[in-house]
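Enquirer: Got a structure for you, my_file_19.txt, holding compact mmCIF, C-alpha atoms and all ligand atoms.
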# COMPACT_ATOMS: atom_id res chain seq x y z
CA MET A 1 17.21 13.05 -3.44
CA SER A 2 15.00 11.69 -6.21
CA LEU A 3 15.19 8.04 -7.14
CA LYS A 4 14.55 6.50 -10.54
CA LEU A 5 14.22 2.88 -11.63
CA VAL A 6 14.57 2.30 -15.37
CA ASN A 7 13.52 -1.03 -16.95
CA ILE A 8 14.50 -3.03 -13.88
CA SER A 9 14.18 -6.80 -14.17
CA LYS A 10 15.51 -9.54 -11.91
CA ILE A 11 15.66 -13.14 -13.01
CA PHE A 12 16.85 -15.72 -10.47
CA LYS A 13 17.99 -19.26 -11.19
CA ASP A 14 15.34 -21.54 -9.77
CA PRO A 15 17.05 -23.12 -6.74
CA ASP A 16 15.08 -26.36 -7.24
CA HIS A 17 15.36 -26.76 -11.02
CA ALA A 18 18.79 -26.12 -12.52
CA ASN A 19 17.59 -24.97 -15.94
CA LYS A 20 14.52 -23.04 -14.82
CA GLU A 21 14.26 -19.34 -13.98
CA VAL A 22 12.21 -17.27 -11.55
CA ILE A 23 11.18 -13.89 -12.89
CA ALA A 24 11.05 -11.89 -9.65
CA VAL A 25 10.81 -8.39 -11.13
CA LYS A 26 9.93 -7.46 -14.72
CA ASP A 27 10.26 -4.12 -16.56
CA VAL A 28 9.82 -1.91 -13.54
CA ASN A 29 9.91 1.81 -14.32
CA LEU A 30 9.35 4.25 -11.48
CA GLU A 31 10.29 7.78 -10.46
CA ILE A 32 10.16 8.79 -6.82
CA ASN A 33 10.40 12.50 -6.10
CA GLU A 34 12.64 14.06 -3.50
CA GLY A 35 10.99 13.79 -0.06
CA GLU A 36 8.28 11.48 -1.33
CA MET A 37 7.21 8.29 0.44
CA VAL A 38 6.11 5.54 -1.90
CA SER A 39 4.92 2.13 -0.83
CA PHE A 40 5.22 -1.16 -2.69
CA LEU A 41 2.04 -3.10 -2.12
CA GLY A 42 1.26 -6.57 -3.40
CA PRO A 43 0.82 -10.22 -2.50
CA SER A 44 3.59 -12.45 -1.20
CA GLY A 45 6.23 -13.18 -3.84
CA CYS A 46 5.31 -10.29 -6.16
CA GLY A 47 8.83 -8.83 -6.08
CA LYS A 48 8.65 -6.09 -3.44
CA THR A 49 11.69 -7.09 -1.40
CA THR A 50 13.73 -7.90 -4.51
CA THR A 51 13.08 -4.41 -5.91
CA LEU A 52 14.04 -2.85 -2.56
CA ARG A 53 17.25 -4.90 -2.44
CA ILE A 54 18.10 -3.73 -5.96
CA VAL A 55 17.74 -0.12 -4.80
CA SER A 56 19.93 -0.75 -1.75
CA GLY A 57 22.57 -2.62 -3.77
CA PHE A 58 22.22 -5.98 -1.98
CA GLU A 59 20.99 -7.44 -5.25
CA ASN A 60 22.10 -6.67 -8.80
CA PRO A 61 19.37 -6.22 -11.39
CA THR A 62 19.48 -8.56 -14.40
CA THR A 63 18.62 -5.57 -16.57
CA GLY A 64 17.98 -1.90 -15.96
CA GLU A 65 19.37 1.09 -14.10
CA VAL A 66 18.99 2.65 -10.67
CA TRP A 67 19.43 6.43 -10.52
CA LEU A 68 19.87 8.50 -7.37
CA GLY A 69 19.45 12.14 -8.37
CA ASP A 70 21.47 12.49 -11.55
CA LYS A 71 23.83 9.62 -10.75
CA MET A 72 23.51 6.06 -12.02
CA ILE A 73 24.37 3.91 -8.99
CA ASN A 74 24.25 0.35 -10.39
CA ASP A 75 27.95 -0.18 -9.79
CA LEU A 76 28.09 1.24 -6.27
CA PRO A 77 28.25 -1.24 -3.36
CA PRO A 78 25.50 -0.91 -0.68
CA ASN A 79 27.65 1.08 1.75
CA LYS A 80 28.42 3.72 -0.89
CA ARG A 81 24.80 4.24 -1.96
CA ASP A 82 23.57 6.60 0.73
CA THR A 83 20.50 4.43 1.32
CA ALA A 84 19.46 2.94 4.67
CA MET A 85 17.34 -0.15 5.29
CA VAL A 86 14.87 -0.43 8.17
CA PHE A 87 13.98 -4.04 8.82
CA GLN A 88 11.33 -5.73 10.92
CA SER A 89 14.03 -7.08 13.21
CA TYR A 90 15.35 -4.05 14.95
CA ALA A 91 19.11 -4.44 14.67
CA ILE A 92 19.93 -2.40 17.75
CA PHE A 93 22.88 -3.26 19.96
CA PRO A 94 21.69 -4.85 23.23
CA HIS A 95 24.79 -3.84 25.20
CA LEU A 96 24.55 -0.11 24.38
CA SER A 97 22.07 2.41 25.83
CA VAL A 98 19.48 4.06 23.60
CA GLY A 99 21.59 7.21 23.33
CA GLN A 100 24.72 5.21 22.51
CA ASN A 101 22.86 3.19 19.90
CA ILE A 102 21.72 6.33 18.13
CA ALA A 103 25.15 7.98 18.37
CA PHE A 104 26.92 4.92 17.00
CA GLY A 105 26.76 5.77 13.29
CA LEU A 106 28.17 9.27 13.69
CA GLU A 107 30.91 8.13 16.08
CA LEU A 108 31.93 5.51 13.53
CA LYS A 109 32.27 8.27 10.95
CA GLY A 110 34.61 10.13 13.31
CA PHE A 111 32.45 13.14 14.16
CA LYS A 112 33.50 15.17 17.21
CA ALA A 113 31.77 14.35 20.49
CA ASP A 114 29.98 17.71 20.83
CA ILE A 115 28.56 17.46 17.31
CA VAL A 116 27.41 13.88 17.91
CA LYS A 117 25.73 14.95 21.17
CA LYS A 118 23.88 17.81 19.49
CA GLU A 119 22.66 15.65 16.59
CA VAL A 120 21.60 12.82 18.88
CA GLU A 121 19.65 15.17 21.15
CA GLU A 122 17.93 16.78 18.20
CA ILE A 123 16.87 13.53 16.62
CA MET A 124 15.75 12.04 19.94
CA SER A 125 13.61 15.07 20.61
CA ILE A 126 11.87 14.90 17.21
CA MET A 127 11.26 11.18 17.71
CA ASN A 128 9.95 11.50 21.28
CA LEU A 129 12.81 9.43 22.66
CA THR A 130 14.48 12.00 24.93
CA GLU A 131 13.40 10.45 28.25
CA LEU A 132 14.75 7.07 27.14
CA TYR A 133 18.35 8.27 26.61
CA ASN A 134 19.91 6.05 29.30
CA ARG A 135 17.66 3.02 28.96
CA SER A 136 19.02 -0.24 27.69
CA PRO A 137 17.19 -1.82 24.72
CA ASP A 138 15.72 -4.65 26.81
CA GLN A 139 13.86 -2.01 28.86
CA LEU A 140 11.98 -0.76 25.79
CA SER A 141 8.65 -1.70 24.24
CA GLY A 142 8.56 -3.03 20.68
CA GLY A 143 7.42 0.33 19.34
CA GLN A 144 10.17 2.18 21.21
CA GLN A 145 12.78 -0.27 19.88
CA GLN A 146 11.48 0.32 16.38
CA ARG A 147 11.80 4.08 16.88
CA VAL A 148 15.38 3.70 18.16
CA ALA A 149 16.22 1.61 15.08
CA LEU A 150 14.69 4.29 12.88
CA ALA A 151 16.60 7.05 14.69
CA ARG A 152 19.82 5.08 14.13
CA SER A 153 19.14 5.01 10.39
CA ILE A 154 18.01 8.61 10.12
CA ILE A 155 20.93 10.15 12.02
CA ASN A 156 23.24 9.26 9.14
CA LYS A 157 21.02 11.47 6.94
CA PRO A 158 20.63 8.92 4.15
CA SER A 159 19.24 10.18 0.85
CA VAL A 160 16.81 7.28 0.73
CA LEU A 161 15.16 5.25 3.50
CA LEU A 162 14.03 1.74 2.65
CA PHE A 163 11.48 0.01 4.88
CA ASP A 164 10.76 -3.70 4.46
CA GLU A 165 7.62 -4.52 6.44
CA PRO A 166 9.09 -2.76 9.49
CA LEU A 167 6.02 -3.24 11.68
CA SER A 168 5.17 -6.88 11.12
CA ASN A 169 6.64 -7.93 14.49
CA LEU A 170 4.43 -5.57 16.45
CA ASP A 171 0.97 -6.22 17.85
CA ALA A 172 -2.00 -4.68 16.03
CA LYS A 173 -2.46 -1.67 18.30
CA LEU A 174 1.19 -0.68 18.27
CA ARG A 175 1.36 -1.21 14.52
CA ASP A 176 -1.52 1.25 14.06
CA LEU A 177 0.32 3.82 16.15
CA MET A 178 3.71 3.31 14.52
CA ARG A 179 2.35 3.81 11.00
CA PHE A 180 1.48 7.39 11.86
CA GLU A 181 4.72 7.77 13.74
CA ILE A 182 6.84 6.61 10.79
CA ARG A 183 4.93 8.88 8.45
CA ARG A 184 5.35 11.87 10.77
CA ILE A 185 9.07 11.26 11.15
CA GLN A 186 9.60 10.69 7.42
CA GLN A 187 7.80 13.96 6.66
CA SER A 188 9.62 15.98 9.28
CA PHE A 189 12.98 14.89 7.87
CA GLY A 190 11.78 14.97 4.25
CA ILE A 191 13.64 11.77 3.37
CA THR A 192 12.77 10.06 0.10
CA SER A 193 11.42 6.65 1.16
CA ILE A 194 10.15 3.32 -0.07
CA TYR A 195 7.90 1.33 2.24
CA VAL A 196 7.24 -2.33 1.48
CA THR A 197 4.06 -3.83 2.86
CA HIS A 198 1.31 -6.26 1.95
CA ASP A 199 -1.15 -4.44 4.21
CA GLN A 200 -3.32 -2.04 2.24
CA ALA A 201 -4.38 0.09 5.22
CA GLU A 202 -0.73 0.58 6.12
CA ALA A 203 0.11 1.58 2.54
CA MET A 204 -2.72 4.11 2.52
CA ILE A 205 -1.60 5.73 5.77
CA VAL A 206 2.11 6.08 5.08
CA SER A 207 2.21 6.84 1.34
CA ASP A 208 2.18 9.80 -0.94
CA ARG A 209 1.79 7.25 -3.73
CA ILE A 210 1.24 3.50 -3.79
CA VAL A 211 2.85 1.15 -6.30
CA VAL A 212 0.67 -1.94 -6.66
CA MET A 213 2.68 -4.95 -7.82
CA ASN A 214 1.70 -8.39 -9.02
CA GLU A 215 3.95 -11.18 -10.30
CA GLY A 216 6.94 -8.88 -10.70
CA HIS A 217 5.06 -6.22 -12.65
CA ILE A 218 3.83 -2.79 -11.62
CA MET A 219 0.05 -2.79 -12.04
CA GLN A 220 -0.64 0.81 -11.05
CA VAL A 221 1.06 3.81 -9.47
CA GLY A 222 -1.12 6.45 -7.87
CA THR A 223 -2.19 8.29 -4.75
CA PRO A 224 -4.15 6.18 -2.26
CA PHE A 225 -7.31 7.93 -3.48
CA GLU A 226 -6.60 7.16 -7.14
CA ILE A 227 -5.76 3.54 -6.45
CA TYR A 228 -8.91 3.01 -4.39
CA SER A 229 -11.40 4.92 -6.50
CA HIS A 230 -9.94 4.54 -10.01
CA PRO A 231 -8.22 1.14 -10.14
CA VAL A 232 -6.86 0.31 -13.60
CA ASN A 233 -7.82 -3.35 -13.52
CA LYS A 234 -9.61 -6.05 -11.57
CA PHE A 235 -6.49 -7.12 -9.70
CA VAL A 236 -5.91 -3.65 -8.24
CA ALA A 237 -9.60 -3.13 -7.43
CA ASP A 238 -9.73 -6.47 -5.65
CA PHE A 239 -6.42 -6.15 -3.82
CA ILE A 240 -7.25 -2.76 -2.32
CA GLY A 241 -10.25 -3.22 -0.07
CA ARG A 242 -13.50 -5.00 -0.72
CA VAL A 243 -15.30 -4.49 -3.96
CA ASN A 244 -18.30 -5.51 -6.07
CA PHE A 245 -17.95 -6.10 -9.80
CA ILE A 246 -21.34 -5.64 -11.41
CA ASN A 247 -21.82 -6.65 -15.05
CA GLY A 248 -23.41 -4.11 -17.33
CA ILE A 249 -23.69 -3.09 -20.97
CA VAL A 250 -22.81 0.28 -22.48
CA GLU A 251 -25.99 1.88 -23.83
CA GLU A 252 -24.70 5.32 -24.74
CA THR A 253 -21.31 7.00 -25.05
CA ASN A 254 -20.77 10.70 -24.48
CA GLU A 255 -18.17 13.27 -25.59
CA ASP A 256 -16.99 13.77 -22.01
CA ALA A 257 -16.10 10.05 -21.67
CA SER A 258 -19.11 9.33 -19.52
CA TYR A 259 -21.19 6.26 -20.31
CA LYS A 260 -24.80 5.29 -19.83
CA VAL A 261 -24.62 1.72 -18.57
CA GLY A 262 -27.51 -0.69 -18.38
CA ILE A 263 -27.53 -2.72 -15.17
CA GLY A 264 -30.42 -4.93 -14.09
CA GLY A 265 -32.97 -3.20 -16.33
CA LYS A 266 -32.00 0.30 -15.12
CA SER A 267 -29.51 2.83 -16.51
CA LYS A 268 -26.75 4.73 -14.75
CA LEU A 269 -24.59 7.55 -16.10
CA ILE A 270 -21.03 6.73 -15.02
CA THR A 271 -18.26 9.27 -15.46
CA SER A 272 -15.19 7.38 -14.22
CA SER A 273 -13.71 4.72 -16.47
CA ILE A 274 -10.46 3.20 -17.66
CA SER A 275 -10.67 2.65 -21.39
CA PRO A 276 -12.81 4.01 -24.18
CA PHE A 277 -15.93 1.86 -24.65
CA SER A 278 -18.45 1.57 -27.48
CA VAL A 279 -22.19 1.00 -27.38
CA GLY A 280 -22.85 -2.69 -26.74
CA ASP A 281 -19.56 -3.31 -24.88
CA LYS A 282 -19.72 -5.47 -21.78
CA VAL A 283 -18.31 -3.60 -18.78
CA LEU A 284 -17.66 -4.20 -15.10
CA THR A 285 -18.98 -1.55 -12.77
CA VAL A 286 -16.62 -1.32 -9.80
CA ILE A 287 -18.50 -0.28 -6.72
CA ARG A 288 -17.27 -0.34 -3.15
CA PRO A 289 -19.52 -1.74 -0.40
CA GLU A 290 -19.75 1.61 1.36
CA SER A 291 -21.03 3.28 -1.82
CA LEU A 292 -24.15 1.12 -1.94
CA SER A 293 -27.32 2.13 -0.20
CA VAL A 294 -29.46 -0.52 1.43
CA SER A 295 -33.07 0.14 2.35
CA THR A 296 -36.19 -1.78 3.11
CA GLY A 297 -39.90 -1.04 3.14
CA GLU A 298 -42.09 -1.44 0.08
CA GLN A 299 -40.20 -2.48 -3.04
CA ASP A 300 -38.51 0.66 -4.34
CA SER A 301 -39.05 0.57 -8.10
CA THR A 302 -36.18 3.00 -8.74
CA ALA A 303 -33.62 0.82 -6.92
CA ILE A 304 -31.22 -1.03 -9.16
CA PHE A 305 -31.49 -4.39 -7.39
CA HIS A 306 -33.75 -6.15 -4.98
CA GLY A 307 -32.15 -8.80 -2.85
CA ILE A 308 -32.31 -10.88 0.29
CA VAL A 309 -29.89 -10.40 3.16
CA GLU A 310 -27.87 -13.59 3.62
CA LYS A 311 -25.48 -12.36 6.27
CA ALA A 312 -25.41 -9.28 8.48
CA VAL A 313 -22.44 -8.41 10.70
CA TYR A 314 -23.12 -5.64 13.19
CA LEU A 315 -19.88 -3.84 14.13
CA GLY A 316 -21.25 -0.86 16.06
CA PRO A 317 -20.52 2.07 13.77
CA THR A 318 -21.10 -0.02 10.63
CA VAL A 319 -23.06 -3.05 9.47
CA GLU A 320 -21.65 -5.37 6.81
CA TYR A 321 -24.08 -7.20 4.59
CA ASP A 322 -23.85 -10.06 2.17
CA ILE A 323 -26.89 -9.80 -0.08
CA LYS A 324 -28.20 -12.37 -2.54
CA ILE A 325 -29.42 -11.00 -5.86
CA GLU A 326 -31.36 -13.23 -8.23
CA GLY A 327 -29.16 -14.28 -11.18
CA ARG A 328 -26.04 -12.39 -10.02
CA GLU A 329 -23.13 -12.76 -7.66
CA ASN A 330 -23.80 -11.75 -4.07
CA ILE A 331 -23.27 -8.11 -3.23
CA SER A 332 -21.26 -6.74 -0.29
CA ALA A 333 -22.64 -3.60 1.26
CA VAL A 334 -21.64 -1.58 4.31
CA THR A 335 -23.97 0.89 6.00
CA HIS A 336 -22.69 3.56 8.35
CA ASN A 337 -25.42 4.74 10.58
CA PRO A 338 -27.20 1.71 11.98
CA VAL A 339 -28.99 3.67 14.70
CA VAL A 340 -30.75 5.77 12.08
CA GLU A 341 -30.87 3.38 9.13
CA GLY A 342 -31.63 0.25 11.10
CA VAL A 343 -30.00 -3.16 11.04
CA PHE A 344 -31.41 -5.72 8.62
CA LYS A 345 -31.49 -9.40 9.41
CA PRO A 346 -30.82 -12.46 7.29
CA GLY A 347 -33.94 -13.12 5.24
CA ASP A 348 -34.95 -9.43 5.01
CA ARG A 349 -35.85 -8.18 1.54
CA VAL A 350 -33.86 -5.05 0.69
CA ASN A 351 -33.51 -2.49 -2.09
CA ILE A 352 -29.99 -1.76 -3.27
CA ASP A 353 -28.87 1.30 -5.15
CA PHE A 354 -25.77 3.37 -5.72
CA ASN A 355 -24.82 6.90 -6.61
CA PRO A 356 -23.15 6.69 -10.07
CA ALA A 357 -20.56 9.26 -8.95
CA ALA A 358 -19.04 6.51 -6.79
CA ALA A 359 -18.84 3.94 -9.60
CA HIS A 360 -15.94 3.20 -11.95
CA LEU A 361 -15.95 1.19 -15.20
CA LEU A 362 -13.50 -1.50 -16.30
CA GLY A 363 -13.60 -3.65 -19.42
CA ALA A 364 -15.34 -6.97 -18.77
N1 LIG B 1 17.68 -15.64 -4.10
C1 LIG B 1 16.59 -16.07 -4.77
N2 LIG B 1 16.67 -17.15 -5.58
C2 LIG B 1 15.58 -17.58 -6.26
N3 LIG B 1 14.38 -17.00 -6.21
C3 LIG B 1 14.23 -15.93 -5.41
C4 LIG B 1 15.32 -15.41 -4.64
N4 LIG B 1 14.88 -14.33 -3.94
C5 LIG B 1 13.57 -14.21 -4.26
N5 LIG B 1 13.17 -15.14 -5.14
C6 LIG B 1 11.83 -15.28 -5.73
O1 LIG B 1 11.49 -14.07 -6.35
C7 LIG B 1 10.11 -13.78 -6.17
C8 LIG B 1 9.93 -12.43 -5.52
O2 LIG B 1 10.42 -12.49 -4.18
P1 LIG B 1 10.35 -11.25 -3.17
O3 LIG B 1 11.10 -11.64 -1.95
O4 LIG B 1 10.81 -10.04 -3.88
O5 LIG B 1 8.79 -11.16 -2.88
P2 LIG B 1 7.99 -10.18 -1.89
O6 LIG B 1 7.03 -9.42 -2.74
O7 LIG B 1 8.92 -9.40 -1.05
O8 LIG B 1 7.14 -11.23 -1.02
P3 LIG B 1 6.76 -11.22 0.58
O9 LIG B 1 5.55 -10.33 0.72
O10 LIG B 1 6.42 -12.65 0.82
O11 LIG B 1 7.95 -10.74 1.35
C9 LIG B 1 9.53 -14.95 -5.37
O12 LIG B 1 8.96 -15.85 -6.26
C10 LIG B 1 10.76 -15.54 -4.71
O13 LIG B 1 10.59 -16.90 -4.45
MG MG B 2 9.33 -9.39 1.04
Write out the structure in this file as structure tokens.

Expert:
Amino acid sequence: MSLKLVNISKIFKDPDHANKEVIAVKDVNLEINEGEMVSFLGPSGCGKTTTLRIVSGFENPTTGEVWLGDKMINDLPPNKRDTAMVFQSYAIFPHLSVGQNIAFGLELKGFKADIVKKEVEEIMSIMNLTELYNRSPDQLSGGQQQRVALARSIINKPSVLLFDEPLSNLDAKLRDLMRFEIRRIQQSFGITSIYVTHDQAEAMIVSDRIVVMNEGHIMQVGTPFEIYSHPVNKFVADFIGRVNFINGIVEETNEDASYKVGIGGKSKLITSSISPFSVGDKVLTVIRPESLSVSTGEQDSTAIFHGIVEKAVYLGPTVEYDIKIEGRENISAVTHNPVVEGVFKPGDRVNIDFNPAAAHLLGA
């Protein structure tokens, strides 16, 4: 089922100051398509959990409407909403076996035993849990427990699944695995889902679209690719991955919304930008570390900058550099083929350049 949030705001009374308010969520408008998985990504306190709780009915919005399909559900209590929450704590019953845990929801609804058995077997097979049918929860790994908890939510066939940082209790390796697992399961059941996280890699892996939030507001909604390569503002660019902001001045504007930008005495034709600019405007060129090229040898007069390596971190497949440029902020660069391209050391003089196709302009 599709889900729509219309002008949602949530204002709390400040628990510490009687006449002060906390604006947790402000003017949130969002449409999530049937079967789509959208993640809410943003720093601590930006309103992710509050928005999720408004969808589930555990919190009432101060203003605005929640729509499930063509029904406005503001006045429905949580248990009538057809949404299911998946938390970081697993909420599985320790005294029941895996199979009994998963069957629990359907038994509670009074389904006949043979139907429950069939549904449980089907869901356990899709979720790779079949061999664990008779295990008790304390004989499971963290990832298996998380999958059992997910199976328990999914078996009720909710219209919407709500995940609030479901993997934050797991160790890094298991978390990496479970991201793909959750995505696979969500796609095979086609359940409309919201996934709250403050981990950008996690958001990129599990989402059809990412909603970047800051201080209660939606900053940008887009596919992982759009958010990473065409951020609408500095906050989004900075929050998603590492980034360089390079000052420049618009030298020429073109019909096709491309701009010739002067940077460090050179010009680059940049085709991706946020707002219309005029000649003379100050702009920020957003360029990711991996889109910079770093070379050494004689000073390359076509390179946009010359700098001195301050820090080099060799990671095997990549090398991360911090490079000092005269009169500018340091530049982060990542190279990807150290065996061929070499590894530069602190103190090395390097040429830095970038392909303008990888750059994106924001207003300064
Ligand atoms: N019951 C409440 N009373 C007062 N303020 C609250 C209440 N619940 C949340 N807040 C405040 O609302 C804001 C948003 O909180 P929320 O829990 O939605 O953030 P979050 O994005 O989920 O953060 P985190 O990543 O830390 O979980 C915060 O400033 C928080 O302190
Ligand atoms: Mg939260």

Enquirer: If I take CA of Pro43 in chain A and CA of Tyr195 in chain A, how far is one from the other in Å, to one decimal?

Expert: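 Between CA of Pro43 in chain A and CA of Tyr195 in chain A the gap works out to 14.4 Å.
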
Enquirer: Find the residues near range 4-13 of chain A: any atom within 12 Å, counting only C-alpha atoms, skip ones fewer than 6 places away on the same chain, and give them as a PyMOL selection string.

Expert: chain A and resi 19-34+46-56+59-74+160+192+194+215-218

Enquirer: To one decimal place in Å, what is the distance between CA of Gly143 in chain A and CA of Leu174 in chain A?

Expert: 6.4 Å

Enquirer: From the set A:Gly110, A:Pro94, A:Pro231, A:Gly280, which residue has the shortest atom-to-atom contact distance to Gln145 in chain A, counting only C-alpha atoms?

Expert: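 Of A:Gly110, A:Pro94, A:Pro231, A:Gly280, the one nearest Gln145 in chain A is A:Pro94, counting only C-alpha atoms.
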
Enquirer: As an exercise, work out the distance from CA of Arg242 in chain A to CA of Met178 in chain A in Å and give it to one decimal place.

Expert: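 A separation of 24.4 Å between them.
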
Enquirer: Set the distance at 12 Å and use all atoms listed in the file: which residues neighbour Met85 in chain A once local chain neighbours fewer than 5 positions away are removed? I'd like the list as JSON, numbers by chain.

Expert: {"A": [49, 52, 53, 54, 55, 56, 57, 58, 78, 79, 90, 91, 149, 150, 151, 152, 153, 154, 156, 158, 159, 160, 161, 162, 163, 164, 165, 166, 193, 194, 195, 196]}

Enquirer: List the spatial neighbours of Val339 in chain A as a list in words - criterion: any atom at most 12 Å away, all atoms listed in the file, same-chain residues fewer than 5 positions off excluded.

Expert: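 Near Val339 in chain A, the qualifying residues are Tyr314, Leu315, Gly316, Pro317, Thr318, Val319 and Phe344 of chain A.
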
Enquirer: Tell me which protein, DNA and RNA residues are within 10 Å of Thr302 in chain A, counting only C-alpha atoms, leaving out same-chain ones fewer than 5 positions away, and put them as number ranges by chain.

Expert: A: 266, 351-353

Enquirer: Considering all atoms listed in the file, state which residue in the set A:Asp114, A:Glu181, A:Glu251, A:Asp199 is at the smallest distance from ligand LIG 1 (chain B).

Expert: A:Asp199
